[in-house]
file target18.pdb (PDB, C-alpha atoms)
ATOM      1  CA  MET A   1       9.846   6.078 -39.838  1.00  0.00           C
ATOM      2  CA  PRO A   2       6.957   3.959 -38.530  1.00  0.00           C
ATOM      3  CA  ALA A   3       6.334   0.600 -40.133  1.00  0.00           C
ATOM      4  CA  VAL A   4       3.542  -1.959 -40.106  1.00  0.00           C
ATOM      5  CA  ARG A   5       3.944  -5.717 -40.262  1.00  0.00           C
ATOM      6  CA  PHE A   6       1.499  -8.491 -40.907  1.00  0.00           C
ATOM      7  CA  THR A   7       2.197 -12.216 -40.774  1.00  0.00           C
ATOM      8  CA  ARG A   8       0.222 -15.159 -42.093  1.00  0.00           C
ATOM      9  CA  ARG A   9       0.706 -18.877 -41.521  1.00  0.00           C
ATOM     10  CA  PHE A  10      -0.004 -21.385 -44.263  1.00  0.00           C
ATOM     11  CA  SER A  11       0.499 -25.074 -44.950  1.00  0.00           C
ATOM     12  CA  MET A  12       1.877 -26.283 -48.246  1.00  0.00           C
ATOM     13  CA  ALA A  13       3.355 -29.304 -49.965  1.00  0.00           C
ATOM     14  CA  HIS A  14       5.975 -29.565 -52.667  1.00  0.00           C
ATOM     15  CA  ARG A  15       8.512 -31.750 -54.320  1.00  0.00           C
ATOM     16  CA  LEU A  16      11.703 -30.975 -56.189  1.00  0.00           C
ATOM     17  CA  ILE A  17      12.698 -32.894 -59.325  1.00  0.00           C
ATOM     18  CA  ALA A  18      15.989 -31.269 -60.359  1.00  0.00           C
ATOM     19  CA  ASP A  19      17.984 -33.217 -57.744  1.00  0.00           C
ATOM     20  CA  ALA A  20      16.744 -36.813 -57.623  1.00  0.00           C
ATOM     21  CA  ALA A  21      18.947 -37.514 -54.576  1.00  0.00           C
ATOM     22  CA  SER A  22      17.360 -34.740 -52.513  1.00  0.00           C
ATOM     23  CA  LYS A  23      15.015 -35.686 -49.680  1.00  0.00           C
ATOM     24  CA  CYS A  24      12.696 -33.099 -51.228  1.00  0.00           C
ATOM     25  CA  ALA A  25      12.255 -35.349 -54.305  1.00  0.00           C
ATOM     26  CA  VAL A  26       9.487 -37.092 -52.336  1.00  0.00           C
ATOM     27  CA  PRO A  27       6.256 -35.082 -51.935  1.00  0.00           C
ATOM     28  CA  HIS A  28       6.045 -33.651 -48.412  1.00  0.00           C
ATOM     29  CA  GLY A  29       4.565 -30.726 -46.536  1.00  0.00           C
ATOM     30  CA  HIS A  30       5.623 -27.737 -44.496  1.00  0.00           C
ATOM     31  CA  ASN A  31       3.985 -25.177 -42.252  1.00  0.00           C
ATOM     32  CA  GLU A  32       5.223 -21.755 -43.278  1.00  0.00           C
ATOM     33  CA  PHE A  33       4.959 -18.154 -42.153  1.00  0.00           C
ATOM     34  CA  VAL A  34       5.168 -15.178 -44.456  1.00  0.00           C
ATOM     35  CA  SER A  35       5.689 -11.711 -42.980  1.00  0.00           C
ATOM     36  CA  VAL A  36       5.407  -8.405 -44.771  1.00  0.00           C
ATOM     37  CA  THR A  37       6.804  -5.180 -43.361  1.00  0.00           C
ATOM     38  CA  LEU A  38       5.723  -1.939 -44.996  1.00  0.00           C
ATOM     39  CA  GLU A  39       7.368   1.402 -44.408  1.00  0.00           C
ATOM     40  CA  PRO A  40       6.071   4.633 -45.959  1.00  0.00           C
ATOM     41  CA  LEU A  41       8.254   6.253 -48.611  1.00  0.00           C
ATOM     42  CA  ALA A  42       7.217   9.740 -47.517  1.00  0.00           C
ATOM     43  CA  GLU A  43       6.412  11.449 -44.265  1.00  0.00           C
ATOM     44  CA  ILE A  44       2.996  10.646 -42.851  1.00  0.00           C
ATOM     45  CA  ASP A  45       0.726  13.662 -42.480  1.00  0.00           C
ATOM     46  CA  PHE A  46      -0.211  13.203 -38.845  1.00  0.00           C
ATOM     47  CA  GLY A  47      -3.472  14.882 -38.047  1.00  0.00           C
ATOM     48  CA  GLY A  48      -4.964  13.733 -41.351  1.00  0.00           C
ATOM     49  CA  THR A  49      -5.462  10.074 -42.178  1.00  0.00           C
ATOM     50  CA  ASN A  50      -2.347   9.161 -40.163  1.00  0.00           C
ATOM     51  CA  TYR A  51      -1.379   6.455 -42.627  1.00  0.00           C
ATOM     52  CA  ALA A  52       0.371   6.076 -45.944  1.00  0.00           C
ATOM     53  CA  ALA A  53      -2.056   3.349 -47.039  1.00  0.00           C
ATOM     54  CA  SER A  54      -4.965   1.497 -45.550  1.00  0.00           C
ATOM     55  CA  PHE A  55      -3.380  -1.159 -43.373  1.00  0.00           C
ATOM     56  CA  GLU A  56      -6.726  -2.946 -43.173  1.00  0.00           C
ATOM     57  CA  ARG A  57      -7.140  -3.111 -46.960  1.00  0.00           C
ATOM     58  CA  LEU A  58      -3.542  -4.225 -47.628  1.00  0.00           C
ATOM     59  CA  LYS A  59      -3.645  -6.834 -44.865  1.00  0.00           C
ATOM     60  CA  THR A  60      -7.013  -8.162 -46.077  1.00  0.00           C
ATOM     61  CA  ARG A  61      -5.779  -8.479 -49.663  1.00  0.00           C
ATOM     62  CA  TRP A  62      -2.511 -10.154 -48.641  1.00  0.00           C
ATOM     63  CA  HIS A  63      -4.165 -12.592 -46.237  1.00  0.00           C
ATOM     64  CA  GLY A  64      -6.789 -13.402 -48.884  1.00  0.00           C
ATOM     65  CA  PHE A  65      -4.046 -14.213 -51.374  1.00  0.00           C
ATOM     66  CA  VAL A  66      -2.212 -16.443 -48.896  1.00  0.00           C
ATOM     67  CA  ASP A  67      -5.411 -18.197 -47.760  1.00  0.00           C
ATOM     68  CA  ASN A  68      -6.847 -18.732 -51.252  1.00  0.00           C
ATOM     69  CA  SER A  69      -3.729 -19.378 -53.321  1.00  0.00           C
ATOM     70  CA  LEU A  70      -1.039 -20.779 -51.021  1.00  0.00           C
ATOM     71  CA  ASP A  71      -2.652 -22.490 -48.054  1.00  0.00           C
ATOM     72  CA  HIS A  72      -2.840 -26.245 -48.671  1.00  0.00           C
ATOM     73  CA  ALA A  73      -1.512 -25.865 -52.205  1.00  0.00           C
ATOM     74  CA  PHE A  74       0.790 -28.443 -53.774  1.00  0.00           C
ATOM     75  CA  GLN A  75       3.733 -26.657 -55.389  1.00  0.00           C
ATOM     76  CA  LEU A  76       5.177 -28.374 -58.447  1.00  0.00           C
ATOM     77  CA  ASN A  77       7.726 -27.713 -61.148  1.00  0.00           C
ATOM     78  CA  SER A  78       5.803 -27.079 -64.390  1.00  0.00           C
ATOM     79  CA  ALA A  79       7.801 -29.997 -65.895  1.00  0.00           C
ATOM     80  CA  ASP A  80       6.902 -32.405 -63.057  1.00  0.00           C
ATOM     81  CA  PRO A  81       5.117 -35.525 -64.372  1.00  0.00           C
ATOM     82  CA  MET A  82       2.806 -35.377 -61.339  1.00  0.00           C
ATOM     83  CA  LEU A  83       1.168 -32.348 -62.960  1.00  0.00           C
ATOM     84  CA  GLY A  84       0.044 -34.582 -65.834  1.00  0.00           C
ATOM     85  CA  TRP A  85      -1.382 -37.033 -63.323  1.00  0.00           C
ATOM     86  CA  PHE A  86      -3.537 -34.315 -61.782  1.00  0.00           C
ATOM     87  CA  GLN A  87      -4.618 -33.107 -65.235  1.00  0.00           C
ATOM     88  CA  THR A  88      -5.757 -36.630 -66.162  1.00  0.00           C
ATOM     89  CA  HIS A  89      -7.071 -38.050 -62.894  1.00  0.00           C
ATOM     90  CA  GLU A  90      -8.066 -35.105 -60.682  1.00  0.00           C
ATOM     91  CA  PRO A  91      -8.493 -31.991 -62.834  1.00  0.00           C
ATOM     92  CA  GLU A  92     -10.831 -30.529 -60.216  1.00  0.00           C
ATOM     93  CA  ARG A  93      -7.805 -30.202 -57.894  1.00  0.00           C
ATOM     94  CA  LEU A  94      -5.664 -28.200 -60.327  1.00  0.00           C
ATOM     95  CA  ASN A  95      -6.720 -24.986 -58.589  1.00  0.00           C
ATOM     96  CA  GLN A  96      -4.799 -26.322 -55.564  1.00  0.00           C
ATOM     97  CA  VAL A  97      -1.650 -27.057 -57.597  1.00  0.00           C
ATOM     98  CA  LEU A  98       0.694 -24.103 -57.870  1.00  0.00           C
ATOM     99  CA  THR A  99       3.149 -24.559 -60.734  1.00  0.00           C
ATOM    100  CA  ILE A 100       6.285 -22.591 -61.413  1.00  0.00           C
ATOM    101  CA  ASP A 101       9.078 -22.791 -63.965  1.00  0.00           C
ATOM    102  CA  GLY A 102      11.799 -24.792 -62.250  1.00  0.00           C
ATOM    103  CA  ASP A 103      11.651 -26.409 -58.835  1.00  0.00           C
ATOM    104  CA  PRO A 104       9.410 -24.860 -56.161  1.00  0.00           C
ATOM    105  CA  THR A 105      12.226 -24.025 -53.772  1.00  0.00           C
ATOM    106  CA  THR A 106      12.035 -21.565 -50.900  1.00  0.00           C
ATOM    107  CA  GLU A 107      13.944 -19.065 -53.030  1.00  0.00           C
ATOM    108  CA  ALA A 108      11.467 -19.421 -55.905  1.00  0.00           C
ATOM    109  CA  LEU A 109       8.537 -18.971 -53.508  1.00  0.00           C
ATOM    110  CA  VAL A 110      10.089 -15.798 -52.064  1.00  0.00           C
ATOM    111  CA  ILE A 111      10.422 -14.323 -55.572  1.00  0.00           C
ATOM    112  CA  ALA A 112       6.795 -15.243 -56.380  1.00  0.00           C
ATOM    113  CA  LEU A 113       5.598 -13.687 -53.108  1.00  0.00           C
ATOM    114  CA  TRP A 114       7.608 -10.545 -53.760  1.00  0.00           C
ATOM    115  CA  ARG A 115       6.064 -10.198 -57.231  1.00  0.00           C
ATOM    116  CA  LYS A 116       2.560 -10.677 -55.846  1.00  0.00           C
ATOM    117  CA  LEU A 117       3.152  -8.070 -53.145  1.00  0.00           C
ATOM    118  CA  GLU A 118       4.474  -5.644 -55.776  1.00  0.00           C
ATOM    119  CA  ALA A 119       1.314  -6.232 -57.849  1.00  0.00           C
ATOM    120  CA  ILE A 120      -0.933  -5.522 -54.850  1.00  0.00           C
ATOM    121  CA  LEU A 121       0.987  -2.356 -53.971  1.00  0.00           C
ATOM    122  CA  THR A 122       0.885  -1.191 -57.595  1.00  0.00           C
ATOM    123  CA  ASP A 123      -2.843  -1.840 -57.739  1.00  0.00           C
ATOM    124  CA  GLU A 124      -3.245   0.215 -54.567  1.00  0.00           C
ATOM    125  CA  ALA A 125      -1.185   2.992 -56.225  1.00  0.00           C
ATOM    126  CA  LEU A 126       1.577   2.835 -53.622  1.00  0.00           C
TER     127      LEU A 126
END
call {"tool": "encode", "arguments": {"input": "target18.pdb", "output": "structure tokens"}}
result
Amino acid sequence: MPAVRFTRRFSMAHRLIADAASKCAVPHGHNEFVSVTLEPLAEIDFGGTNYAASFERLKTRWHGFVDNSLDHAFQLNSADPMLGWFQTHEPERLNQVLTIDGDPTTEALVIALWRKLEAILTDEAL
């Protein structure tokens, strides 16, 4: 079965508070790549549209999400006291602070990305 893949690079920062001894307890940044591979669930009707979904539309929506919500975002635990600092001193930057329940680990980010991708695919009726 044919598949399509699209990859996007983004920069982010985070800190973890659950393990005070971790080197990730200090705010720091990473350059990340996220790749999505889509395979059709049914046979493609070649000779018609030749696709299961609009690759262009899906790629544009995914890249827009990564660019507007993840790139240069600061990922924080919703219980992190730094969140309060932003709320008090720089509320205009809160749209660049991505908060999650628990520490913003790689595993947590993967789950969040998976849920977002599922929402996009559901919205596209796939």
call {"tool": "resolve_selection", "arguments": {"input": "target18.pdb", "expression": "the PyMOL selection byres ((chain A and resi 16-18) around 8)", "output": "JSON, numbers by chain"}}
result
{"A": [14, 15, 19, 20, 22, 24, 25, 26, 76, 77, 80, 102, 103, 104, 105]}
call {"tool": "residues_around", "arguments": {"input": "target18.pdb", "residues": "stretch 108-124 of chain A", "least_positions_apart": "3", "cutoff": "12 Å", "atoms": "all atoms listed in the file", "output": "MDAnalysis selection string"}}
result
chainID A and resid 12 14 16 32:38 40 52:55 57:66 69:70 75:77 98:105
call {"tool": "atom_distance", "arguments": {"input": "target18.pdb", "atom1": "atom CA of A:Trp85", "atom2": "atom CA of A:Asp71"}}
result
21.1 Å
call {"tool": "atom_distance", "arguments": {"input": "target18.pdb", "atom1": "atom CA of A:His89", "atom2": "atom CA of A:His30"}}
result
24.6 Å
